[in-house]
Each structure stands twice: as structure tokens, then as C-alpha cells.
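So this one's work_15.cif, mmCIF, C-alpha atoms:
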data_protein
loop_
_atom_site.label_atom_id
_atom_site.label_comp_id
_atom_site.auth_asym_id
_atom_site.auth_seq_id
_atom_site.Cartn_x
_atom_site.Cartn_y
_atom_site.Cartn_z
CA MET A 1 -61.31 -23.76 -64.58
CA LEU A 2 -58.83 -25.84 -66.54
CA MET A 3 -55.18 -25.64 -65.65
CA PRO A 4 -52.66 -25.00 -68.41
CA SER A 5 -50.62 -28.02 -69.38
CA ILE A 6 -46.97 -28.16 -70.28
CA PHE A 7 -47.84 -29.01 -73.88
CA GLY A 8 -50.41 -26.47 -75.03
CA GLU A 9 -53.28 -24.21 -74.10
CA THR A 10 -55.13 -26.65 -71.85
CA LEU A 11 -55.10 -30.33 -71.05
CA ILE A 12 -58.35 -30.80 -72.98
CA ASP A 13 -56.89 -29.10 -76.06
CA ASP A 14 -53.92 -31.43 -75.93
CA PHE A 15 -56.11 -34.49 -75.55
CA PHE A 16 -58.37 -33.67 -78.51
CA ASN A 17 -55.63 -32.14 -80.67
CA ASP A 18 -55.15 -33.75 -84.06
CA PHE A 19 -51.56 -34.96 -83.66
CA THR A 20 -51.00 -35.15 -87.41
CA LYS A 21 -51.06 -31.34 -87.65
CA PRO A 22 -47.86 -29.40 -87.01
CA VAL A 23 -47.65 -27.75 -83.64
CA THR A 24 -47.96 -24.00 -84.24
CA HIS A 25 -47.94 -22.63 -80.71
CA TYR A 26 -44.27 -23.51 -80.29
CA SER A 27 -43.03 -21.13 -82.96
CA ASN A 28 -41.00 -19.17 -80.41
CA THR A 29 -38.58 -22.03 -79.63
CA VAL A 30 -35.99 -20.67 -82.04
CA ASN A 31 -35.86 -17.44 -80.00
CA THR A 32 -34.71 -19.41 -76.97
CA LEU A 33 -31.64 -20.78 -78.77
CA MET A 34 -28.21 -19.19 -78.44
CA LYS A 35 -28.97 -17.07 -75.40
CA THR A 36 -25.90 -14.96 -74.81
CA ASP A 37 -24.41 -13.19 -71.81
CA VAL A 38 -21.92 -10.43 -72.63
CA LYS A 39 -19.57 -9.26 -69.90
CA GLU A 40 -17.18 -6.33 -70.20
CA THR A 41 -13.86 -6.43 -68.41
CA ASP A 42 -11.01 -3.93 -68.42
CA HIS A 43 -9.29 -5.56 -71.39
CA SER A 44 -11.91 -7.67 -73.16
CA TYR A 45 -15.49 -8.69 -73.77
CA GLU A 46 -16.53 -12.17 -72.66
CA LEU A 47 -19.46 -13.91 -74.33
CA ASP A 48 -21.16 -17.00 -72.90
CA ILE A 49 -23.44 -18.55 -75.50
CA ASP A 50 -25.81 -21.36 -74.50
CA LEU A 51 -25.70 -24.25 -76.97
CA PRO A 52 -27.14 -27.23 -75.11
CA GLY A 53 -27.26 -30.47 -77.06
CA TYR A 54 -24.63 -29.39 -79.59
CA LYS A 55 -21.19 -30.90 -80.04
CA LYS A 56 -18.00 -28.95 -80.65
CA GLU A 57 -17.93 -30.25 -84.23
CA ASP A 58 -21.40 -28.74 -84.87
CA ILE A 59 -20.30 -25.17 -84.04
CA LYS A 60 -18.52 -22.73 -86.35
CA ALA A 61 -17.21 -19.24 -85.64
CA GLU A 62 -16.35 -16.93 -88.52
CA LEU A 63 -14.88 -13.44 -88.56
CA LYS A 64 -15.56 -11.34 -91.63
CA GLU A 65 -15.36 -7.57 -92.09
CA GLY A 66 -15.53 -6.86 -88.37
CA TYR A 67 -18.49 -9.18 -87.72
CA MET A 68 -18.18 -12.44 -85.81
CA THR A 69 -20.84 -15.00 -86.75
CA ILE A 70 -21.45 -18.01 -84.54
CA SER A 71 -23.47 -20.79 -86.19
CA ALA A 72 -24.50 -24.20 -84.96
CA GLN A 73 -26.05 -27.08 -86.83
CA ASN A 74 -27.71 -30.04 -85.21
CA SER A 75 -27.99 -32.76 -87.82
CA THR A 76 -29.47 -35.55 -85.74
CA LYS A 77 -31.62 -37.90 -87.74
CA ASN A 78 -35.22 -36.75 -87.42
CA ASP A 79 -37.42 -39.71 -88.19
CA GLU A 80 -40.91 -39.90 -86.82
CA LYS A 81 -40.78 -43.47 -85.52
CA ASP A 82 -38.79 -45.25 -82.90
CA LYS A 83 -38.57 -48.94 -81.93
CA ALA A 84 -41.70 -48.80 -79.78
CA GLY A 85 -43.93 -46.87 -82.18
CA LYS A 86 -44.75 -43.42 -83.49
CA TYR A 87 -43.97 -40.12 -81.80
CA ILE A 88 -47.02 -38.13 -80.77
CA ARG A 89 -45.12 -34.88 -80.23
CA ARG A 90 -41.49 -33.87 -80.83
CA GLU A 91 -40.22 -30.73 -79.15
CA ARG A 92 -36.49 -31.16 -79.63
CA TYR A 93 -34.88 -28.71 -82.01
CA TYR A 94 -33.17 -29.99 -85.15
CA GLY A 95 -31.72 -27.51 -87.58
CA ASN A 96 -29.48 -24.46 -87.76
CA CYS A 97 -29.12 -21.33 -85.69
CA SER A 98 -26.72 -18.42 -85.82
CA ARG A 99 -25.96 -15.04 -84.25
CA THR A 100 -23.75 -12.22 -85.42
CA PHE A 101 -21.84 -9.74 -83.27
CA TYR A 102 -19.91 -6.68 -84.36
CA VAL A 103 -16.41 -6.90 -82.85
CA GLY A 104 -14.62 -4.20 -84.83
CA ASP A 105 -12.50 -4.01 -87.93
CA ASP A 106 -9.20 -4.14 -86.01
CA ILE A 107 -9.88 -7.58 -84.47
CA THR A 108 -8.26 -10.59 -86.14
CA GLN A 109 -8.97 -14.30 -85.82
CA GLU A 110 -5.85 -14.75 -83.72
CA ASP A 111 -7.12 -12.20 -81.19
CA ILE A 112 -10.34 -14.10 -80.41
CA LYS A 113 -10.21 -17.05 -78.01
CA ALA A 114 -13.03 -19.61 -77.87
CA LYS A 115 -13.73 -22.65 -75.70
CA PHE A 116 -16.72 -25.02 -75.74
CA GLU A 117 -17.49 -26.72 -72.45
CA ASP A 118 -20.64 -28.18 -70.88
CA GLY A 119 -22.94 -26.81 -73.60
CA ILE A 120 -21.60 -23.26 -73.27
CA LEU A 121 -19.41 -21.55 -75.86
CA LYS A 122 -17.11 -19.08 -74.10
CA ILE A 123 -15.58 -16.42 -76.35
CA THR A 124 -13.12 -13.72 -75.34
CA VAL A 125 -12.74 -10.72 -77.63
CA PRO A 126 -10.00 -8.28 -76.62
CA LYS A 127 -10.60 -4.56 -76.57
CA LYS A 128 -8.40 -2.70 -78.97
CA GLU A 129 -7.76 0.96 -78.55
CA ALA A 130 -8.94 3.02 -81.45
CA LYS A 131 -5.97 4.35 -83.30
CA PRO A 132 -6.21 8.07 -83.79
CA GLN A 133 -6.45 8.80 -87.45
CA VAL A 134 -3.67 11.04 -88.59
CA GLU A 135 -4.76 13.41 -91.25
CA GLU A 136 -2.58 13.00 -94.29
CA LYS A 137 -1.96 16.17 -96.18
CA SER A 138 -1.81 15.96 -99.92
CA PHE A 139 -0.20 18.84 -101.67
CA ILE A 140 -0.72 19.58 -105.30
CA THR A 141 2.41 20.42 -107.19
CA ILE A 142 2.30 23.90 -108.68
CA GLU A 143 4.29 24.36 -111.83
CA GLY A 144 5.66 27.56 -113.03
#

Any chance you could give the structure as C-alpha cells?
Amino acid sequence: MLMPSIFGETLIDDFFNDFTKPVTHYSNTVNTLMKTDVKETDHSYELDIDLPGYKKEDIKAELKEGYMTISAQNSTKNDEKDKAGKYIRRERYYGNCSRTFYVGDDITQEDIKAKFEDGILKITVPKKEAKPQVEEKSFITIEG
């Protein structure tokens, strides 16, 4: 019985694989990006988003219509050759990723605090109490 390798189905498959073809069995790598832990405290929600390999300059956070979107872009040059020769396989991720979270319509940009440290984006979103909606009465003027 052949043991699975770290690259593909089996060691033999990796050895005889045509390396000029794109690797298709790694299509789930995008799903592993931006893993997020959400913690609820008494006064806020704390998000820890994994962004290993990204720099602070590569990350953007936007708040629009109650939705906070975190996006990251890794724009490292992706050539297929190095000084010693040609790459046989490249498994590092180059590209864009983003996630969107609903934080509420009452939250403003000033309310949200963010810090990027050691490949983890830490975001604190305060809880805001829902304001009770006061029913406004509109009377129609009756002439006569």
C-alpha cells in the first residue's frame, strides 16, 4: 500500500505527474485563508483574523451600510523561475481574499478599533444597544 505524500494523492502520482499542468487538487487553499475567531464580551465583539504572510499595507478594512469588509492583497511577483532554475511546484498563495461581516447600521468607523500584529488582524467592534423606535404619530389636518 502506498502512503499519501504531502503533495498529492500518492508519491507515485507526484513522481509521474506532468508538472506543466496546473495543480487541481489544491483548489481548497482559498478556503483556508482568513480564518476568523469571533469572541463576544460584555461590551464588544472581538475578531481575530489570520493573515499570515501579509503586510499591514496589504490589508484594507471598509465599513459600508452596516457591513465591514476586510480585504487583503498579496502582490508578490509571481515568476516561475528563480536563480537556480525552474519551480516544479508552487503552493504559496498570491492574489486577493476578502470577508464581510455584518456589524450593524449604528456602528461608525470611529467605533471600530483594529490592530495588525504577528500575522493576525485584531478587530474590536463595540456592542451598541438598539434604540427603541418611538412611533411618530402623524395627524391629518381636518378642515371645516

message = Could you tell me, as a list in words, exactly which residues end up selected when the PyMOL selection byres ((chain A and resi 109) around 10) is applied to this structure?
response = Ala61, Glu62, Leu63, Lys64, Met68, Ile107, Thr108, Glu110, Asp111, Ile112, Lys113 and Val125 of chain A

query = For this file, the PyMOL selection byres ((chain A and resi 38-45) around 9) selects which residues, as JSON, numbers by chain?
reply = {"A": [36, 37, 46, 47, 48, 49, 123, 124, 125, 126, 127, 128]}

query = In Å to one decimal, how far is CA of Glu129 (chain A) from CA of Gly104 (chain A)?
reply =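 CA of Glu129 (chain A) lies at a distance of 10.6 Å from CA of Gly104 (chain A).
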
ask   = Which is closest to Glu57 (chain A) among A:Thr100, A:Lys86, A:Phe116, A:Asp105, if we use all atoms listed in the file?
value =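 Counting all atoms listed in the file, the residue closest to Glu57 (chain A) is A:Phe116.
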
ask   = What is the CA of Asn96 (chain A) to CA of Tyr67 (chain A) distance in Å?
value =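 Pair CA of Asn96 (chain A) / CA of Tyr67 (chain A) returns 18.8 Å.
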
task = Would you mind reading off the distance between CA of Lys60 (chain A) and CA of Leu33 (chain A), one decimal, in Å?
result =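 We find that CA of Lys60 (chain A) and CA of Leu33 (chain A) lie 15.3 Å from each other.
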
ask   = Of the candidates A:Thr69, A:Ile120, A:Asn74, A:Arg89, which one gets nearest to Val103 (chain A) if we count only C-alpha atoms?
value =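 The answer is A:Thr69, which sits nearest to Val103 (chain A).
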